[in-house]
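Colleague: The structure under discussion is supplied below as structure tokens; questions concerning it will follow.
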Amino acid sequence: MKRIGDDTISESLEDEEIPLVEHLSELRRRLVVVLIPFAAVTLLIFPFSNDSLHFLLTNLFHGDMPIFVYSPIEWISVRLTFCFLCALSITIPLLLYEIFAFMRPGLYPSERKFFLMVVIPSLCSYGVGAFFAYYFVLPLVFEYLIAYSGDIAGVALSARRIFSIILYTAIGFGLIFQIPLIMTLAVKMKLVTYSWLKDKRLIIYGLIIGIAFFVADPTGISMLMMEMSIALFELGLFITKYIWHRHNR
């Protein structure tokens with residue numbers, strides 16, 4: 001008998017096995033739905049990429065710092081990468097919707113709810129991390145590096161190098177800002193407990209420090225990522241402690 005509210009039964013009776021060819025056909029159709037807007041946005045952004053990149057690269061410095069390129073195709077490469085990233089940022093809601101729509105028939109209601117519950121906060125956390133990196137971390141790093149190098153030699157800023165640092169820092173801090181969310185979800189799903197996270201604190205700190213030294217870069221950004229990771233882990237502990245106390249009243 002079908003029981004109301006039982007995810008494992010409520011929809012399994014309606015499931016039908018779909019041939020692999022139909023799955024592949026649907027996947028291709030959904031990819032086309034995403035790729036067409038992606039290409040269109042890329043083409044629309046490209047004519048404005050010069051001014052946008054100039055603002056993006058020079059906004060990090062006090063005063064007017066010249067930007068140099070060291071090969072004929074370097075600036076075109078940077079512009080194309082910038083356009084691809086902008087197009088991805090704009091079309092990512094559509095991409096996530098198509099992924100969800102493709103997976104939806106095979107998911108139970110609770111799994112659908114969990115998917116939506118994870119994706120939206122994760123995107124918000126990533127955006128906050130990238131914003132923090134660009135407006136707070138990178139200006140401090142470049143101000144220090146330029147001031148330090150200026151006493152020794154003239155500073156020549158490579159467009160590709162600066163853009164790579166911006167991308168590396170934005171992605172890194174975007175991922176790091178997921179730590180409290182991941183910890184909260186792990187505790188809610190009962191994969192780990194607050195006590196376990198607290199007991200393993202020193203081991204986790206050691207792993208964070210080890211990774212930071214392994215990927216250490218001359219700019220010192222990896223060290224800032226290490227410090228932020230530890231701070232966000234402590235924030236995650238605070239949140240999971242609140243959840244633990246709430247469930248154990």
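Numbering starts fresh at 1 for the residues of each chain in the structure tokens, the chains themselves are lettered A, B, ... in the order given, and ligands are numbered from 1 as they appear.
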Show me, as a PDB file with N, CA and C atoms, in the first residue's frame, the residues that have an atom within 12 Å of Leu116 of chain A when counting only C-alpha atoms, minus same-chain residues fewer than 5 positions from it.
Modeller:
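Listed below is the output, selection.pdb:
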```
ATOM      1  N   PRO A  93      22.626  29.906 -13.155  1.00  0.00           N
ATOM      2  CA  PRO A  93      21.298  29.497 -12.682  1.00  0.00           C
ATOM      3  C   PRO A  93      20.582  28.587 -13.682  1.00  0.00           C
ATOM      4  N   LEU A  96      22.241  25.116 -13.478  1.00  0.00           N
ATOM      5  CA  LEU A  96      21.799  24.369 -12.306  1.00  0.00           C
ATOM      6  C   LEU A  96      20.364  23.886 -12.468  1.00  0.00           C
ATOM      7  N   TYR A  97      19.519  24.723 -13.082  1.00  0.00           N
ATOM      8  CA  TYR A  97      18.137  24.310 -13.314  1.00  0.00           C
ATOM      9  C   TYR A  97      18.081  23.101 -14.247  1.00  0.00           C
ATOM     10  N   ILE A  99      20.428  20.891 -14.764  1.00  0.00           N
ATOM     11  CA  ILE A  99      20.955  19.722 -14.043  1.00  0.00           C
ATOM     12  C   ILE A  99      19.883  19.147 -13.127  1.00  0.00           C
ATOM     13  N   PHE A 100      19.213  20.041 -12.411  1.00  0.00           N
ATOM     14  CA  PHE A 100      18.148  19.598 -11.501  1.00  0.00           C
ATOM     15  C   PHE A 100      17.003  18.947 -12.269  1.00  0.00           C
ATOM     16  N   ALA A 101      16.616  19.551 -13.400  1.00  0.00           N
ATOM     17  CA  ALA A 101      15.523  18.995 -14.198  1.00  0.00           C
ATOM     18  C   ALA A 101      15.892  17.636 -14.771  1.00  0.00           C
ATOM     19  N   ARG A 104      15.824  15.246 -11.716  1.00  0.00           N
ATOM     20  CA  ARG A 104      14.582  15.270 -10.944  1.00  0.00           C
ATOM     21  C   ARG A 104      13.777  13.975 -10.992  1.00  0.00           C
ATOM     22  N   PRO A 109      11.279  13.288  -3.200  1.00  0.00           N
ATOM     23  CA  PRO A 109      11.013  14.674  -2.775  1.00  0.00           C
ATOM     24  C   PRO A 109      12.018  15.208  -1.765  1.00  0.00           C
ATOM     25  N   SER A 110      12.432  14.372  -0.814  1.00  0.00           N
ATOM     26  CA  SER A 110      13.401  14.830   0.183  1.00  0.00           C
ATOM     27  C   SER A 110      14.742  15.138  -0.460  1.00  0.00           C
ATOM     28  N   GLU A 111      15.127  14.360  -1.491  1.00  0.00           N
ATOM     29  CA  GLU A 111      16.388  14.603  -2.185  1.00  0.00           C
ATOM     30  C   GLU A 111      16.320  15.874  -3.019  1.00  0.00           C
ATOM     31  N   PRO A 121      22.376  28.253  -0.875  1.00  0.00           N
ATOM     32  CA  PRO A 121      23.334  28.793   0.103  1.00  0.00           C
ATOM     33  C   PRO A 121      24.780  28.652  -0.350  1.00  0.00           C
ATOM     34  N   SER A 122      25.080  27.579  -1.096  1.00  0.00           N
ATOM     35  CA  SER A 122      26.449  27.391  -1.571  1.00  0.00           C
ATOM     36  C   SER A 122      26.840  28.488  -2.549  1.00  0.00           C
ATOM     37  N   LEU A 123      25.955  28.832  -3.468  1.00  0.00           N
ATOM     38  CA  LEU A 123      26.237  29.911  -4.416  1.00  0.00           C
ATOM     39  C   LEU A 123      26.400  31.247  -3.699  1.00  0.00           C
TER      40      LEU A 123
END
```
Colleague: Could you list, with a cut-off of 10 Å and counting only C-alpha atoms, the residues of segment 108-197 of chain A near segment 76-79 of chain A, each shown with its nearest atom pair and the distance in Å rounded to one decimal, rows sorted by chain and ascending number, as JSON lines?
Modeller:
```
{"residue": "A:Ala159", "atom": "CA", "partner": "A:Val78", "partner_atom": "CA", "distance": 7.6}
{"residue": "A:Arg160", "atom": "CA", "partner": "A:Val78", "partner_atom": "CA", "distance": 6.2}
{"residue": "A:Arg161", "atom": "CA", "partner": "A:Val78", "partner_atom": "CA", "distance": 9.7}
{"residue": "A:Phe163", "atom": "CA", "partner": "A:Val78", "partner_atom": "CA", "distance": 7.4}
{"residue": "A:Ser164", "atom": "CA", "partner": "A:Val78", "partner_atom": "CA", "distance": 9.0}
```
Colleague: Please determine, counting only C-alpha atoms, which residue among A:Phe177, A:Ala170, A:Arg246, A:Ile36 has the shortest atom-to-atom distance to Leu94 of chain A.
Modeller: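 Among the listed residues, the smallest separation from Leu94 of chain A belongs to A:Ile36.
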Colleague: Show which residues sit within 7 Å of Gly174 of chain A, as a ChimeraX atom specification. Count only C-alpha atoms, and ignore same-chain residues fewer than 3 positions away.
Modeller: /A:125-127,129-130,170-171,177
Colleague: Okay, now the selection with N, CA, C and O atoms, as a PDB file, in the first residue's frame?
Modeller:
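In the end it all went to out.pdb:
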```
ATOM      1  N   SER A 125      27.371  31.693  -0.564  1.00  0.00           N
ATOM      2  CA  SER A 125      28.645  31.649   0.165  1.00  0.00           C
ATOM      3  C   SER A 125      29.815  31.882  -0.779  1.00  0.00           C
ATOM      4  O   SER A 125      30.770  32.592  -0.448  1.00  0.00           O
ATOM      5  N   TYR A 126      29.732  31.262  -1.960  1.00  0.00           N
ATOM      6  CA  TYR A 126      30.802  31.441  -2.940  1.00  0.00           C
ATOM      7  C   TYR A 126      30.900  32.904  -3.371  1.00  0.00           C
ATOM      8  O   TYR A 126      32.001  33.463  -3.478  1.00  0.00           O
ATOM      9  N   GLY A 127      29.749  33.531  -3.618  1.00  0.00           N
ATOM     10  CA  GLY A 127      29.749  34.930  -4.014  1.00  0.00           C
ATOM     11  C   GLY A 127      30.327  35.834  -2.945  1.00  0.00           C
ATOM     12  O   GLY A 127      31.097  36.755  -3.246  1.00  0.00           O
ATOM     13  N   GLY A 129      32.514  34.963  -0.682  1.00  0.00           N
ATOM     14  CA  GLY A 129      33.950  34.704  -0.638  1.00  0.00           C
ATOM     15  C   GLY A 129      34.699  35.413  -1.752  1.00  0.00           C
ATOM     16  O   GLY A 129      35.761  36.014  -1.531  1.00  0.00           O
ATOM     17  N   ALA A 130      34.161  35.378  -2.975  1.00  0.00           N
ATOM     18  CA  ALA A 130      34.802  36.050  -4.104  1.00  0.00           C
ATOM     19  C   ALA A 130      34.790  37.568  -3.903  1.00  0.00           C
ATOM     20  O   ALA A 130      35.781  38.252  -4.205  1.00  0.00           O
ATOM     21  N   ALA A 170      39.858  34.589  -5.992  1.00  0.00           N
ATOM     22  CA  ALA A 170      38.393  34.566  -5.929  1.00  0.00           C
ATOM     23  C   ALA A 170      37.869  33.136  -5.790  1.00  0.00           C
ATOM     24  O   ALA A 170      36.978  32.860  -4.976  1.00  0.00           O
ATOM     25  N   ILE A 171      38.424  32.215  -6.576  1.00  0.00           N
ATOM     26  CA  ILE A 171      37.991  30.815  -6.488  1.00  0.00           C
ATOM     27  C   ILE A 171      38.362  30.229  -5.136  1.00  0.00           C
ATOM     28  O   ILE A 171      37.554  29.545  -4.493  1.00  0.00           O
ATOM     29  N   PHE A 177      34.857  29.779   1.843  1.00  0.00           N
ATOM     30  CA  PHE A 177      33.649  30.257   2.512  1.00  0.00           C
ATOM     31  C   PHE A 177      32.539  29.201   2.544  1.00  0.00           C
ATOM     32  O   PHE A 177      31.480  29.437   3.140  1.00  0.00           O
TER      33      PHE A 177
END
```
Colleague: Just the residues within 12 Å of Leu224 of chain A, please, counting only C-alpha atoms, with nothing from its chain fewer than 5 positions along; format it as a VMD selection string.
Modeller: chain A and resid 132 to 133 136 to 138 140 to 141 169 172 to 173 176 208 to 209 212 to 213 216 to 217 219 229 to 231
